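Q: Structure file target10.pdb (PDB, C-alpha atoms and all ligand atoms) is given on the next line.
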MODEL        1
ATOM      1  CA  MET A   1      63.476 127.471-131.228
ATOM      2  CA  GLU A   2      64.889 125.122-133.893
ATOM      3  CA  GLN A   3      68.378 123.819-133.405
ATOM      4  CA  ASP A   4      70.839 123.993-136.272
ATOM      5  CA  GLY A   5      71.485 120.258-136.248
ATOM      6  CA  ALA A   6      67.779 119.434-136.634
ATOM      7  CA  MET A   7      67.162 121.662-139.665
ATOM      8  CA  GLU A   8      67.029 120.363-143.213
ATOM      9  CA  PRO A   9      69.059 122.488-145.660
ATOM     10  CA  LEU A  10      66.739 124.675-147.757
ATOM     11  CA  VAL A  11      68.967 124.408-150.834
ATOM     12  CA  PRO A  12      71.290 121.595-151.872
ATOM     13  CA  PRO A  13      74.917 122.143-150.891
ATOM     14  CA  PRO A  14      76.945 123.397-153.883
ATOM     15  CA  GLU A  15      78.848 120.146-154.136
ATOM     16  CA  SER A  16      75.735 118.029-154.607
ATOM     17  CA  PRO A  17      75.012 116.896-158.169
ATOM     18  CA  SER A  18      72.659 119.018-160.221
ATOM     19  CA  PRO A  19      69.058 117.730-159.964
ATOM     20  CA  TRP A  20      68.918 117.929-163.790
ATOM     21  CA  VAL A  21      71.926 115.636-164.104
ATOM     22  CA  GLN A  22      70.516 113.239-161.539
ATOM     23  CA  ARG A  23      67.143 113.188-163.275
ATOM     24  CA  PHE A  24      68.560 112.175-166.636
ATOM     25  CA  ALA A  25      71.567 110.087-165.592
ATOM     26  CA  ASP A  26      69.686 106.912-166.497
ATOM     27  CA  LEU A  27      69.893 107.934-170.168
ATOM     28  CA  VAL A  28      73.566 106.981-170.024
ATOM     29  CA  PRO A  29      73.906 103.243-170.674
ATOM     30  CA  GLU A  30      74.950 101.316-167.579
ATOM     31  CA  GLY A  31      78.699 100.938-167.054
ATOM     32  CA  GLU A  32      79.619 102.931-170.162
ATOM     33  CA  PRO A  33      82.172 105.765-170.183
ATOM     34  CA  VAL A  34      81.244 109.319-169.231
ATOM     35  CA  LEU A  35      82.992 112.596-170.015
ATOM     36  CA  ASP A  36      82.610 115.416-167.454
ATOM     37  CA  VAL A  37      83.550 118.625-169.288
ATOM     38  CA  ALA A  38      84.925 121.451-167.125
ATOM     39  CA  CYS A  39      84.394 119.173-164.152
ATOM     40  CA  GLY A  40      85.483 121.662-161.474
ATOM     41  CA  GLY A  41      85.361 120.066-158.032
ATOM     42  CA  GLY A  42      84.108 116.855-159.616
ATOM     43  CA  ARG A  43      80.578 116.615-158.208
ATOM     44  CA  HIS A  44      79.317 114.909-161.381
ATOM     45  CA  THR A  45      82.507 112.943-161.848
ATOM     46  CA  ARG A  46      81.931 111.387-158.420
ATOM     47  CA  TRP A  47      78.218 110.912-159.088
ATOM     48  CA  PHE A  48      78.884 108.847-162.223
ATOM     49  CA  LEU A  49      81.807 106.959-160.673
ATOM     50  CA  GLU A  50      79.533 105.942-157.813
ATOM     51  CA  ARG A  51      76.996 104.714-160.375
ATOM     52  CA  GLY A  52      79.637 102.419-161.869
ATOM     53  CA  HIS A  53      80.742 104.382-164.928
ATOM     54  CA  PRO A  54      84.336 104.959-165.946
ATOM     55  CA  VAL A  55      84.704 108.740-166.023
ATOM     56  CA  THR A  56      87.042 111.077-167.854
ATOM     57  CA  ALA A  57      87.122 114.440-166.097
ATOM     58  CA  VAL A  58      88.604 117.402-167.928
ATOM     59  CA  ASP A  59      89.324 120.880-166.613
ATOM     60  CA  ARG A  60      92.152 123.385-166.712
ATOM     61  CA  ASN A  61      92.301 123.034-162.931
ATOM     62  CA  VAL A  62      92.133 119.431-161.744
ATOM     63  CA  ARG A  63      93.601 119.936-158.280
ATOM     64  CA  ALA A  64      90.324 118.955-156.602
ATOM     65  CA  LEU A  65      90.344 115.474-158.161
ATOM     66  CA  ALA A  66      92.030 112.728-156.172
ATOM     67  CA  PRO A  67      92.977 109.538-158.025
ATOM     68  CA  MET A  68      90.174 107.002-157.991
ATOM     69  CA  PRO A  69      89.557 103.684-159.711
ATOM     70  CA  ARG A  70      87.963 104.156-163.161
ATOM     71  CA  LEU A  71      88.771 107.893-163.151
ATOM     72  CA  THR A  72      90.851 109.458-165.908
ATOM     73  CA  VAL A  73      91.808 113.060-165.240
ATOM     74  CA  VAL A  74      92.737 115.303-168.138
ATOM     75  CA  GLU A  75      94.224 118.697-167.396
ATOM     76  CA  ALA A  76      93.575 120.859-170.442
ATOM     77  CA  ASP A  77      92.772 124.409-171.421
ATOM     78  CA  LEU A  78      89.671 123.917-173.554
ATOM     79  CA  GLU A  79      89.799 127.493-174.806
ATOM     80  CA  ASP A  80      93.332 127.567-176.203
ATOM     81  CA  GLY A  81      92.246 127.236-179.829
ATOM     82  CA  HIS A  82      93.312 123.610-180.173
ATOM     83  CA  PRO A  83      90.748 121.043-181.294
ATOM     84  CA  PHE A  84      88.570 119.586-178.555
ATOM     85  CA  PRO A  85      90.773 116.820-177.129
ATOM     86  CA  PHE A  86      88.218 113.985-177.415
ATOM     87  CA  ALA A  87      87.128 112.137-180.526
ATOM     88  CA  PRO A  88      83.608 112.147-181.925
ATOM     89  CA  ALA A  89      81.358 109.366-180.620
ATOM     90  CA  SER A  90      83.803 108.491-177.825
ATOM     91  CA  PHE A  91      81.570 108.682-174.714
ATOM     92  CA  ALA A  92      78.213 107.145-173.802
ATOM     93  CA  GLY A  93      77.575 110.079-171.518
ATOM     94  CA  VAL A  94      78.691 113.675-171.879
ATOM     95  CA  VAL A  95      77.951 115.981-168.960
ATOM     96  CA  VAL A  96      78.488 119.729-168.858
ATOM     97  CA  THR A  97      77.289 122.045-166.111
ATOM     98  CA  ASN A  98      77.912 125.721-165.543
ATOM     99  CA  TYR A  99      80.329 126.018-168.433
ATOM    100  CA  LEU A 100      80.148 127.400-171.967
ATOM    101  CA  TRP A 101      82.855 127.963-174.514
ATOM    102  CA  ARG A 102      80.984 128.380-177.763
ATOM    103  CA  PRO A 103      83.817 127.361-180.134
ATOM    104  CA  ILE A 104      83.779 123.796-178.751
ATOM    105  CA  LEU A 105      80.033 123.380-178.302
ATOM    106  CA  ALA A 106      79.581 121.396-181.540
ATOM    107  CA  ALA A 107      82.556 119.155-180.706
ATOM    108  CA  ILE A 108      81.100 118.441-177.254
ATOM    109  CA  VAL A 109      77.811 117.374-178.826
ATOM    110  CA  GLN A 110      79.666 115.178-181.328
ATOM    111  CA  CYS A 111      81.423 113.336-178.511
ATOM    112  CA  VAL A 112      78.235 111.463-177.656
ATOM    113  CA  ALA A 113      78.377 107.892-178.964
ATOM    114  CA  PRO A 114      75.374 106.212-180.586
ATOM    115  CA  GLY A 115      73.059 105.021-177.822
ATOM    116  CA  GLY A 116      74.499 107.581-175.407
ATOM    117  CA  ALA A 117      73.331 110.877-173.995
ATOM    118  CA  LEU A 118      74.238 114.513-173.529
ATOM    119  CA  ILE A 119      73.213 116.185-170.270
ATOM    120  CA  TYR A 120      73.999 119.884-170.318
ATOM    121  CA  GLU A 121      72.974 122.742-168.036
ATOM    122  CA  THR A 122      74.403 126.231-167.982
ATOM    123  CA  PHE A 123      73.638 129.920-167.746
ATOM    124  CA  ALA A 124      71.612 131.746-170.364
ATOM    125  CA  LEU A 125      71.098 135.314-171.496
ATOM    126  CA  GLY A 126      69.128 137.050-168.777
ATOM    127  CA  ASN A 127      71.465 135.780-166.100
ATOM    128  CA  GLU A 128      73.114 139.185-166.014
ATOM    129  CA  ARG A 129      70.094 140.314-163.923
ATOM    130  CA  PHE A 130      71.207 138.019-161.144
ATOM    131  CA  GLY A 131      74.978 138.373-161.210
ATOM    132  CA  ARG A 132      77.738 136.404-162.872
ATOM    133  CA  PRO A 133      78.298 135.125-165.422
ATOM    134  CA  SER A 134      77.042 138.267-167.139
ATOM    135  CA  ASN A 135      79.294 138.316-170.211
ATOM    136  CA  PRO A 136      77.215 137.192-173.221
ATOM    137  CA  ASP A 137      80.189 135.101-174.372
ATOM    138  CA  PHE A 138      79.404 132.786-171.478
ATOM    139  CA  LEU A 139      75.603 132.910-171.726
ATOM    140  CA  LEU A 140      73.500 130.781-174.052
ATOM    141  CA  ALA A 141      71.301 132.616-176.539
ATOM    142  CA  PRO A 142      67.615 131.619-176.705
ATOM    143  CA  GLY A 143      67.341 128.086-178.076
ATOM    144  CA  GLU A 144      71.093 127.745-178.508
ATOM    145  CA  LEU A 145      71.460 124.486-176.617
ATOM    146  CA  LEU A 146      68.482 123.032-178.443
ATOM    147  CA  ASP A 147      69.903 124.055-181.803
ATOM    148  CA  ALA A 148      73.352 122.652-180.975
ATOM    149  CA  ALA A 149      71.943 119.271-179.962
ATOM    150  CA  ARG A 150      69.755 119.005-183.047
ATOM    151  CA  ALA A 151      72.577 120.130-185.349
ATOM    152  CA  GLY A 152      74.622 117.255-183.931
ATOM    153  CA  GLY A 153      71.886 114.764-184.760
ATOM    154  CA  LEU A 154      70.763 114.216-181.163
ATOM    155  CA  ARG A 155      67.170 113.482-180.179
ATOM    156  CA  VAL A 156      65.965 115.900-177.535
ATOM    157  CA  VAL A 157      64.427 114.191-174.512
ATOM    158  CA  ALA A 158      63.975 117.314-172.396
ATOM    159  CA  TYR A 159      64.834 120.985-172.683
ATOM    160  CA  GLU A 160      64.218 123.993-170.457
ATOM    161  CA  ASP A 161      64.986 127.685-170.771
ATOM    162  CA  VAL A 162      64.051 128.967-167.344
ATOM    163  CA  VAL A 163      64.788 131.171-164.385
ATOM    164  CA  VAL A 164      65.500 129.095-161.294
ATOM    165  CA  ASP A 165      65.637 130.021-157.607
ATOM    166  CA  SER A 166      67.918 127.216-156.457
ATOM    167  CA  PRO A 167      70.775 126.901-155.624
ATOM    168  CA  ARG A 168      70.560 130.647-156.352
ATOM    169  CA  PRO A 169      68.512 132.791-158.754
ATOM    170  CA  ALA A 170      69.810 132.248-162.282
ATOM    171  CA  ALA A 171      68.727 132.091-165.913
ATOM    172  CA  VAL A 172      69.621 128.675-167.292
ATOM    173  CA  GLN A 173      69.107 126.423-170.244
ATOM    174  CA  ARG A 174      69.328 122.688-169.815
ATOM    175  CA  ILE A 175      68.998 119.768-172.118
ATOM    176  CA  ALA A 176      68.977 116.003-172.067
ATOM    177  CA  ALA A 177      69.383 114.453-175.477
ATOM    178  CA  THR A 178      70.251 111.045-176.842
ATOM    179  CA  CYS A 179      72.263 109.947-179.842
ATOM    180  CA  PRO A 180      70.304 107.537-182.068
TER     181      PRO A 180
HETATM  182  C1  LIG A 201      81.539 127.167-162.665
HETATM  183  S1  LIG A 201      82.738 125.901-162.720
HETATM  184  C2  LIG A 201      81.701 124.474-163.035
HETATM  185  C3  LIG A 201      82.293 123.221-162.519
HETATM  186  C4  LIG A 201      81.416 121.970-162.630
HETATM  187  N1  LIG A 201      81.048 121.674-163.989
HETATM  188  C5  LIG A 201      80.206 122.100-161.752
HETATM  189  O1  LIG A 201      79.137 122.469-162.247
HETATM  190  O2  LIG A 201      80.333 121.861-160.542
HETATM  191  C6  LIG A 201      83.498 126.176-164.308
HETATM  192  C7  LIG A 201      84.665 125.272-164.551
HETATM  193  O3  LIG A 201      85.174 125.548-165.856
HETATM  194  C8  LIG A 201      86.569 125.415-165.807
HETATM  195  N2  LIG A 201      87.173 126.162-166.897
HETATM  196  C9  LIG A 201      87.074 127.476-167.128
HETATM  197  N3  LIG A 201      87.807 127.812-168.190
HETATM  198  C10 LIG A 201      88.369 126.670-168.650
HETATM  199  C11 LIG A 201      89.243 126.371-169.719
HETATM  200  N4  LIG A 201      89.707 127.343-170.505
HETATM  201  N5  LIG A 201      89.618 125.104-169.915
HETATM  202  C12 LIG A 201      89.173 124.121-169.105
HETATM  203  N6  LIG A 201      88.340 124.345-168.051
HETATM  204  C13 LIG A 201      87.951 125.611-167.831
HETATM  205  C14 LIG A 201      86.945 126.000-164.465
HETATM  206  O4  LIG A 201      88.230 125.579-164.040
HETATM  207  C15 LIG A 201      85.821 125.484-163.591
HETATM  208  O5  LIG A 201      86.170 124.261-162.992
ENDMDL
END
Show me, as structure tokens, the structure contained in the file I just sent.
A:
Amino acid sequence: MEQDGAMEPLVPPPESPSPWVQRFADLVPEGEPVLDVACGGGRHTRWFLERGHPVTAVDRNVRALAPMPRLTVVEADLEDGHPFPFAPASFAGVVVTNYLWRPILAAIVQCVAPGGALIYETFALGNERFGRPSNPDFLLAPGELLDAARAGGLRVVAYEDVVVDSPRPAAVQRIAATCP
């Protein structure tokens, strides 16, 4: 019989960085600033801090983020109707995972500075088959992430519109795109 301590986890723990983010993190120029939008517990904030980037982490709930060198924490409601609180072309890396608020999608894309990259992964229509989010307001329409990146002048490096099994079954879109 296998012992618990000897077993490898079958799925990554929820706090581990998204494999998509890890795969494309090198698109963000070394040492340049990163914005983690709707950062939650900060798994990608920590990932980019550990890689030597200054990181700005924004969320309406920032309680999980302890002060750290090179970390700027911004507590903000991104859905309150105010303009997106970051200027165009202000970050070499913009990372968004498991979050969509359509009215600020274009502003998020515009935040990527020339030479920088957008890495975005979130739920898509079809996810309602698997659970939440199931509200279409929070689910990307087919091609929506691709269209948003291209409308913002980004060059698409990789894009997927897929059903995944891990960390749990979900319909997702994900994109990695650079700003010329
Ligand atoms: C599913 S979590 C994703 C967290 C993180 N990006 C990750 O993948 O680990 C969604 C995050 O969006 C944040 N959020 C939801 N509504 C928000 C709002 N109106 N303004 C700012 N953040 C919001 C939540 O607080 C939460 O941290």
Q: Mind listing the residues within 7 Å of ligand LIG 201 (chain A), all atoms listed in the file counted, as a list in words?
A: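 Based on all atoms listed in the file, ligand LIG 201 (chain A) is surrounded within 7 Å by Glu15, Val37, Ala38, Cys39, Gly40, Gly41, Gly42, Arg43, Val58, Asp59, Arg60, Asn61, Ala76, Asp77, Leu78, Glu79, Asp80, Val96, Thr97, Asn98 and Tyr99 of chain A.
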Q: Of the candidates A:Gly52, A:Pro180, A:Gly153, A:Pro169, which one gets nearest to Gly126 (chain A) if we count only C-alpha atoms?
A: A:Pro169
Q: For Thr56 (chain A), please output as a ChimeraX atom specification all residues within 8 Å (counting all atoms listed in the file; exclusion window: fewer than 4 positions along the same chain).
A: /A:33-36,45,71-74
Q: Would you write out, as a PyMOL selection string, every residue that the PyMOL selection byres (((chain A and resi 108) around 10) and not hetatm) captures in this file?
A: chain A and resi 35+37+84-89+94-96+102-107+109-112+118+148-149+152
Q: What separation in Å, quoted to one decimal, exists between CA of Gly131 (chain A) and CA of Pro17 (chain A)?
A: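 Calculated distance between CA of Gly131 (chain A) and CA of Pro17 (chain A) is 21.7 Å.
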Q: Carefully work through the PyMOL selection byres (((chain A and resi 124) around 9) and not hetatm) for this structure and note down the residues it includes, as a CSV table (one decimal) with C-alpha atoms, in the coordinates of the input.
A:
chain,number,residue,atom,x,y,z
A,122,THR,CA,74.4,126.2,-168.0
A,123,PHE,CA,73.6,129.9,-167.7
A,125,LEU,CA,71.1,135.3,-171.5
A,126,GLY,CA,69.1,137.0,-168.8
A,127,ASN,CA,71.5,135.8,-166.1
A,128,GLU,CA,73.1,139.2,-166.0
A,133,PRO,CA,78.3,135.1,-165.4
A,136,PRO,CA,77.2,137.2,-173.2
A,138,PHE,CA,79.4,132.8,-171.5
A,139,LEU,CA,75.6,132.9,-171.7
A,140,LEU,CA,73.5,130.8,-174.1
A,141,ALA,CA,71.3,132.6,-176.5
A,142,PRO,CA,67.6,131.6,-176.7
A,161,ASP,CA,65.0,127.7,-170.8
A,162,VAL,CA,64.1,129.0,-167.3
A,170,ALA,CA,69.8,132.2,-162.3
A,171,ALA,CA,68.7,132.1,-165.9
A,172,VAL,CA,69.6,128.7,-167.3
A,173,GLN,CA,69.1,126.4,-170.2
Q: Around region 104-114 of chain A, fit a box with edges along x, y and z, padding it by 6 Å on each side, then list its centre and edge lengths in Å to one decimal as AutoDock Vina command-line options.
A:
--center_x 79.6 --center_y 115.0 --center_z -179.4 --size_x 20.4 --size_y 29.6 --size_z 16.3
